[in-house]
$ cat my_file17.tsv   # TSV, C-alpha atoms
chain	number	residue	atom	x	y	z
I	1	MET	CA	-109.31	-20.76	5.46
I	2	LEU	CA	-108.22	-23.60	3.19
I	3	LEU	CA	-105.93	-26.07	4.96
I	4	HIS	CA	-105.57	-28.71	2.26
I	5	GLY	CA	-106.63	-29.23	-1.37
I	6	CYS	CA	-107.78	-26.67	-3.92
I	7	LEU	CA	-110.98	-24.73	-4.62
I	8	LYS	CA	-112.26	-23.06	-7.78
I	9	VAL	CA	-114.18	-19.78	-7.47
I	10	THR	CA	-116.68	-19.16	-10.26
I	11	GLN	CA	-119.35	-16.70	-11.32
I	12	ILE	CA	-122.22	-17.10	-13.78
I	13	THR	CA	-122.88	-14.23	-16.20
I	14	SER	CA	-126.34	-12.98	-17.11
I	15	GLU	CA	-126.03	-14.95	-20.37
I	16	GLY	CA	-125.41	-18.17	-18.44
I	17	ASP	CA	-121.67	-18.44	-19.13
I	18	GLN	CA	-119.33	-19.52	-16.35
I	19	VAL	CA	-116.25	-17.46	-15.48
I	20	VAL	CA	-113.40	-18.84	-13.36
I	21	VAL	CA	-112.49	-15.98	-11.03
I	22	ARG	CA	-109.54	-17.60	-9.23
I	23	TYR	CA	-108.26	-20.69	-7.47
I	24	VAL	CA	-107.92	-20.97	-3.70
I	25	ASN	CA	-104.74	-22.69	-2.50
I	26	PRO	CA	-103.79	-24.04	0.96
I	27	GLY	CA	-103.26	-21.16	3.41
I	28	ASP	CA	-105.62	-18.81	1.52
I	29	MET	CA	-108.69	-17.23	3.05
I	30	PHE	CA	-111.96	-17.17	1.10
I	31	GLY	CA	-115.61	-16.31	1.65
I	32	LEU	CA	-114.67	-12.89	3.04
I	33	ALA	CA	-118.02	-11.28	2.29
I	34	CYS	CA	-118.71	-10.81	6.02
I	35	ALA	CA	-115.40	-8.96	6.42
I	36	MET	CA	-116.67	-6.43	3.86
I	37	ARG	CA	-120.07	-6.15	5.56
I	38	GLN	CA	-121.74	-7.96	2.66
I	39	THR	CA	-124.78	-10.16	3.25
I	40	CYS	CA	-124.40	-12.33	0.16
I	41	TYR	CA	-121.48	-13.97	-1.61
I	42	PRO	CA	-120.61	-12.72	-5.13
I	43	ALA	CA	-119.32	-16.10	-6.33
I	44	SER	CA	-119.56	-19.85	-5.82
I	45	VAL	CA	-116.83	-22.24	-4.67
I	46	LEU	CA	-116.22	-25.75	-5.95
I	47	ALA	CA	-113.61	-28.19	-4.65
I	48	VAL	CA	-111.48	-29.43	-7.56
I	49	GLN	CA	-109.81	-32.06	-5.35
I	50	GLU	CA	-110.37	-33.43	-1.86
I	51	SER	CA	-110.09	-30.41	0.43
I	52	VAL	CA	-110.19	-29.50	4.11
I	53	CYS	CA	-111.01	-25.99	5.32
I	54	LEU	CA	-111.38	-24.22	8.64
I	55	ALA	CA	-114.71	-22.37	8.86
I	56	TRP	CA	-116.49	-20.30	11.46
I	57	PRO	CA	-119.88	-18.55	11.73
I	58	ALA	CA	-120.06	-15.07	10.23
I	59	GLN	CA	-121.18	-13.61	13.55
I	60	ALA	CA	-117.91	-14.77	15.13
I	61	TRP	CA	-115.81	-12.65	12.77
I	62	GLU	CA	-115.72	-9.51	14.92
I	63	GLY	CA	-114.63	-11.50	17.97
I	64	PHE	CA	-111.87	-13.23	16.04
I	65	MET	CA	-110.67	-9.88	14.70
I	66	ALA	CA	-110.43	-8.51	18.23
I	67	SER	CA	-108.61	-11.51	19.69
I	68	HIS	CA	-106.40	-12.20	16.64
I	69	PRO	CA	-105.33	-8.89	15.00
I	70	GLN	CA	-103.13	-10.84	12.58
I	71	LEU	CA	-106.29	-12.39	11.15
I	72	GLY	CA	-107.63	-8.96	10.22
I	73	ALA	CA	-104.30	-7.99	8.67
I	74	ILE	CA	-104.25	-11.14	6.56
I	75	ALA	CA	-107.86	-10.59	5.47
I	76	LEU	CA	-107.06	-7.01	4.42
I	77	GLN	CA	-103.98	-8.16	2.54
I	78	THR	CA	-106.03	-10.88	0.82
I	79	MET	CA	-108.69	-8.45	-0.35
I	80	GLY	CA	-106.04	-6.01	-1.54
I	81	GLN	CA	-104.34	-8.74	-3.58
I	82	ARG	CA	-107.65	-9.77	-5.12
I	83	LEU	CA	-108.38	-6.17	-6.11
I	84	GLN	CA	-104.95	-5.91	-7.72
I	85	ASP	CA	-105.48	-9.22	-9.54
I	86	ALA	CA	-108.84	-7.97	-10.81
I	87	HIS	CA	-107.24	-4.80	-12.19
I	88	ILE	CA	-104.57	-6.86	-13.96
I	89	ARG	CA	-107.16	-9.16	-15.55
I	90	ILE	CA	-109.25	-6.21	-16.72
I	91	GLN	CA	-106.16	-4.69	-18.31
I	92	GLU	CA	-105.27	-7.99	-19.99
I	93	LEU	CA	-108.77	-8.43	-21.40
I	94	SER	CA	-108.67	-4.87	-22.74
I	95	THR	CA	-105.19	-4.80	-24.29
I	96	ASP	CA	-103.64	-8.27	-24.67
I	97	GLU	CA	-103.90	-10.82	-27.44
I	98	VAL	CA	-105.43	-14.19	-26.57
I	99	GLU	CA	-102.05	-15.97	-26.62
I	100	GLN	CA	-100.67	-13.45	-24.12
I	101	ARG	CA	-103.66	-13.89	-21.79
I	102	VAL	CA	-103.44	-17.67	-21.80
I	103	ALA	CA	-99.67	-17.59	-21.27
I	104	ARG	CA	-99.99	-15.20	-18.33
I	105	ALA	CA	-102.79	-17.24	-16.77
I	106	ILE	CA	-100.67	-20.40	-16.82
I	107	LEU	CA	-97.65	-18.53	-15.45
I	108	ARG	CA	-99.78	-17.21	-12.56
I	109	LEU	CA	-101.08	-20.68	-11.74
I	110	VAL	CA	-97.56	-22.09	-11.77
I	111	ARG	CA	-96.32	-19.31	-9.46
I	112	GLN	CA	-99.21	-19.85	-7.06
I	113	SER	CA	-99.30	-23.64	-6.93
I	114	GLY	CA	-96.50	-25.04	-9.05
I	115	GLN	CA	-94.80	-28.28	-8.05
I	116	PRO	CA	-91.56	-29.58	-9.62
I	117	THR	CA	-91.99	-32.72	-11.75
I	118	HIS	CA	-89.58	-34.84	-13.75
I	119	ASP	CA	-90.29	-32.82	-16.90
I	120	GLY	CA	-90.91	-29.30	-15.57
I	121	ILE	CA	-93.20	-27.52	-13.12
I	122	GLY	CA	-96.75	-28.81	-12.94
I	123	ILE	CA	-99.92	-27.11	-11.73
I	124	SER	CA	-100.63	-29.01	-8.52
I	125	PHE	CA	-104.38	-29.43	-9.00
I	126	PRO	CA	-106.53	-30.85	-11.83
I	127	ILE	CA	-107.24	-28.19	-14.46
I	128	THR	CA	-108.96	-28.56	-17.81
I	129	ARG	CA	-108.62	-26.57	-21.02
I	130	GLN	CA	-112.16	-25.36	-20.45
I	131	ASP	CA	-111.07	-23.95	-17.07
I	132	VAL	CA	-108.25	-22.03	-18.76
I	133	ALA	CA	-110.69	-20.71	-21.36
I	134	GLU	CA	-113.07	-19.50	-18.63
I	135	MET	CA	-110.17	-17.77	-16.86
I	136	THR	CA	-109.01	-15.88	-19.94
I	137	GLY	CA	-112.24	-14.94	-21.69
I	138	THR	CA	-111.70	-17.12	-24.73
I	139	THR	CA	-112.98	-20.41	-26.16
I	140	LEU	CA	-112.09	-24.05	-25.57
I	141	HIS	CA	-111.07	-24.36	-29.22
I	142	THR	CA	-108.58	-21.48	-28.92
I	143	VAL	CA	-107.01	-22.83	-25.72
I	144	SER	CA	-106.74	-26.32	-27.22
I	145	ARG	CA	-105.05	-24.92	-30.32
I	146	LEU	CA	-102.55	-22.88	-28.28
I	147	LEU	CA	-101.67	-25.71	-25.89
I	148	SER	CA	-101.22	-28.13	-28.79
I	149	ASP	CA	-98.92	-25.65	-30.53
I	150	TRP	CA	-96.91	-25.04	-27.33
I	151	LYS	CA	-96.67	-28.79	-26.73
I	152	GLN	CA	-95.14	-29.31	-30.17
I	153	ARG	CA	-92.59	-26.57	-29.42
I	154	GLY	CA	-91.66	-28.13	-26.08
I	155	ILE	CA	-92.99	-25.21	-24.00
I	156	VAL	CA	-95.62	-27.22	-22.10
I	157	SER	CA	-96.84	-30.75	-21.81
I	158	SER	CA	-100.50	-31.39	-21.18
I	159	GLY	CA	-102.88	-34.25	-20.71
I	160	ARG	CA	-106.23	-34.93	-19.11
I	161	LYS	CA	-106.70	-32.24	-16.43
I	162	ARG	CA	-102.93	-31.71	-16.33
I	163	ILE	CA	-100.60	-28.92	-17.48
I	164	VAL	CA	-96.82	-28.95	-16.95
I	165	LEU	CA	-94.66	-25.95	-17.82
I	166	ARG	CA	-91.43	-27.16	-19.40
I	167	SER	CA	-89.91	-23.84	-20.49
I	168	PRO	CA	-90.76	-20.90	-18.20
I	169	ALA	CA	-88.51	-18.57	-20.24
I	170	ALA	CA	-90.28	-19.34	-23.51
I	171	LEU	CA	-93.76	-18.91	-22.03
I	172	THR	CA	-92.71	-15.66	-20.38
I	173	ARG	CA	-91.59	-14.31	-23.76
I	174	LEU	CA	-94.93	-15.32	-25.27
I	175	SER	CA	-96.75	-13.56	-22.43
I	176	GLU	CA	-94.84	-10.40	-23.33
I	177	ASN	CA	-95.75	-10.82	-27.01
I	178	ALA	CA	-92.07	-11.17	-27.97
I	179	GLN	CA	-91.65	-11.84	-31.68
I	180	PRO	CA	-89.25	-14.47	-33.05
I	181	ALA	CA	-86.18	-13.36	-34.96
I	182	MET	CA	-86.76	-13.05	-38.69
I	183	ASP	CA	-84.10	-15.65	-39.58
I	184	CYS	CA	-85.10	-18.34	-37.06
I	185	ALA	CA	-88.86	-18.18	-36.62
I	186	SER	CA	-89.06	-21.89	-35.85
I	187	CYS	CA	-86.23	-21.94	-33.28
I	188	LEU	CA	-87.62	-22.05	-29.74
I	189	SER	CA	-84.31	-21.20	-28.05
I	190	CYS	CA	-83.92	-17.87	-29.83
I	191	ARG	CA	-87.40	-16.35	-29.97
I	192	SER	CA	-86.00	-13.09	-28.58
I	193	GLY	CA	-82.44	-13.10	-29.94
I	194	SER	CA	-79.68	-15.11	-31.56
I	195	PRO	CA	-79.68	-18.93	-31.56
I	196	ALA	CA	-78.47	-20.59	-28.35
I	197	THR	CA	-76.52	-23.82	-28.10
I	198	ASP	CA	-78.10	-26.91	-26.56
I	199	ALA	CA	-75.85	-26.47	-23.51
I	200	ASP	CA	-76.95	-22.85	-23.08
I	201	ALA	CA	-80.60	-23.82	-23.41
I	202	GLY	CA	-80.16	-26.60	-20.84
I	203	ASP	CA	-78.43	-24.28	-18.37
I	204	ALA	CA	-81.15	-21.67	-18.79
I	205	ALA	CA	-83.89	-24.24	-18.19
I	206	MET	CA	-82.16	-25.45	-15.02
I	207	LYS	CA	-81.82	-21.89	-13.72
I	208	HIS	CA	-85.50	-21.11	-14.35
I	209	THR	CA	-86.61	-24.37	-12.75
I	210	ALA	CA	-84.46	-23.65	-9.67
I	211	ALA	CA	-85.88	-20.11	-9.46
I	212	ASP	CA	-89.45	-21.40	-9.64
I	213	ARG	CA	-88.70	-23.99	-6.93
I	214	LYS	CA	-87.36	-21.22	-4.69
I	215	ALA	CA	-90.55	-19.21	-5.33
I	216	VAL	CA	-92.65	-22.18	-4.23
I	217	ASP	CA	-90.48	-22.58	-1.12
I	218	ARG	CA	-90.87	-18.86	-0.28
I	219	THR	CA	-94.64	-19.18	-0.57
I	220	ALA	CA	-94.58	-22.05	1.92
I	221	VAL	CA	-92.55	-19.92	4.35
I	222	ASP	CA	-94.92	-16.97	3.97
I	223	ARG	CA	-97.85	-19.19	4.89
I	224	THR	CA	-96.31	-20.27	8.20
I	225	ALA	CA	-98.01	-17.37	10.00
I	226	ILE	CA	-101.35	-18.34	8.46
I	227	ASP	CA	-100.94	-21.94	9.59
I	228	ARG	CA	-100.17	-20.73	13.12
I	229	ILE	CA	-103.36	-18.67	13.22
I	230	ALA	CA	-105.33	-21.63	11.91
I	231	THR	CA	-104.02	-23.73	14.80
I	232	GLU	CA	-104.98	-21.03	17.32
I	233	LEU	CA	-108.49	-20.70	15.88
I	234	THR	CA	-108.96	-24.48	15.94
I	235	ALA	CA	-108.01	-24.51	19.62
I	236	HIS	CA	-110.34	-21.58	20.24

$ encode --input "my_file17.tsv" --output "structure tokens"
Amino acid sequence: MLLHGCLKVTQITSEGDQVVVRYVNPGDMFGLACAMRQTCYPASVLAVQESVCLAWPAQAWEGFMASHPQLGAIALQTMGQRLQDAHIRIQELSTDEVEQRVARAILRLVRQSGQPTHDGIGISFPITRQDVAEMTGTTLHTVSRLLSDWKQRGIVSSGRKRIVLRSPAALTRLSENAQPAMDCASCLSCRSGSPATDADAGDAAMKHTAADRKAVDRTAVDRTAIDRIATELTAH
């Protein structure tokens, strides 16, 4: 169970290419192979920033399950969520354009670990364009081109190992493959309708930023139970 920091879960294909499977955030459980009666782990874990985790021997799992039923419920919920995420990614790889996949990947990361900044909502851990490419089944060149284009439009800002979402509404429309209006293809504020005033655009941005902050707050509340179990296991 990760208590602090961030981990990157990766797999290596038979051709030697690396695939980023997911990121592990504080409060998440990982390394659940023993819970599924597996003797080997299907992926590798790398800390992308200084991290602290709570670990226990695999043979202690059954005892923990018996004495802490909530732990088993959380593990089952975690595996169910990962299965659902895998289905979504398979569907995206099969049906979505590259721009949609990259947009959805960034939106997911922001929902999972976004932190408000002075210019938007930033991904809370270091992430490179290569990481995004390995998450979405595309190339570094393609991700760099998309992020540069979105930066010019004011949708994101990015730097070395840093991505900040400035316009959640605009990126959401891109993730849905929304086409710009024929008479204002270059206007960011009206990619899905008529032009908006600067005041309207500012109000919309504030509303989306507030909504994303509430989502981050709800995630923190949901993890209270996990933190309590972590404390009990540490005492045990």

$ residues_near_point --input "my_file17.tsv" --point "(-113.3, -23.2, -14.8)" --cutoff "12 Å" --atoms "only C-alpha atoms" --output "PyMOL selection string"
chain I and resi 7-12+17-23+44-48+126-140+161

$ closest_residue --input "my_file17.tsv" --among "I:Asn177, I:Thr13, I:Thr172, I:Ile123" --to "I:Gly159" --atoms "only C-alpha atoms"
I:Ile123

$ closest_residue --input "my_file17.tsv" --among "I:Arg162, I:Arg104, I:His118, I:His4" --to "I:Asp85" --atoms "all atoms listed in the file"
I:Arg104

$ closest_residue --input "my_file17.tsv" --among "I:Arg173, I:Arg82, I:His68, I:Arg160" --to "I:Val24" --atoms "all atoms listed in the file"
I:Arg82

$ residues_near_point --input "my_file17.tsv" --point "(-98.2, -32.6, -16.8)" --cutoff "12 Å" --atoms "all atoms listed in the file" --output "ChimeraX atom specification"
/I:110,114-128,147,151,155-166
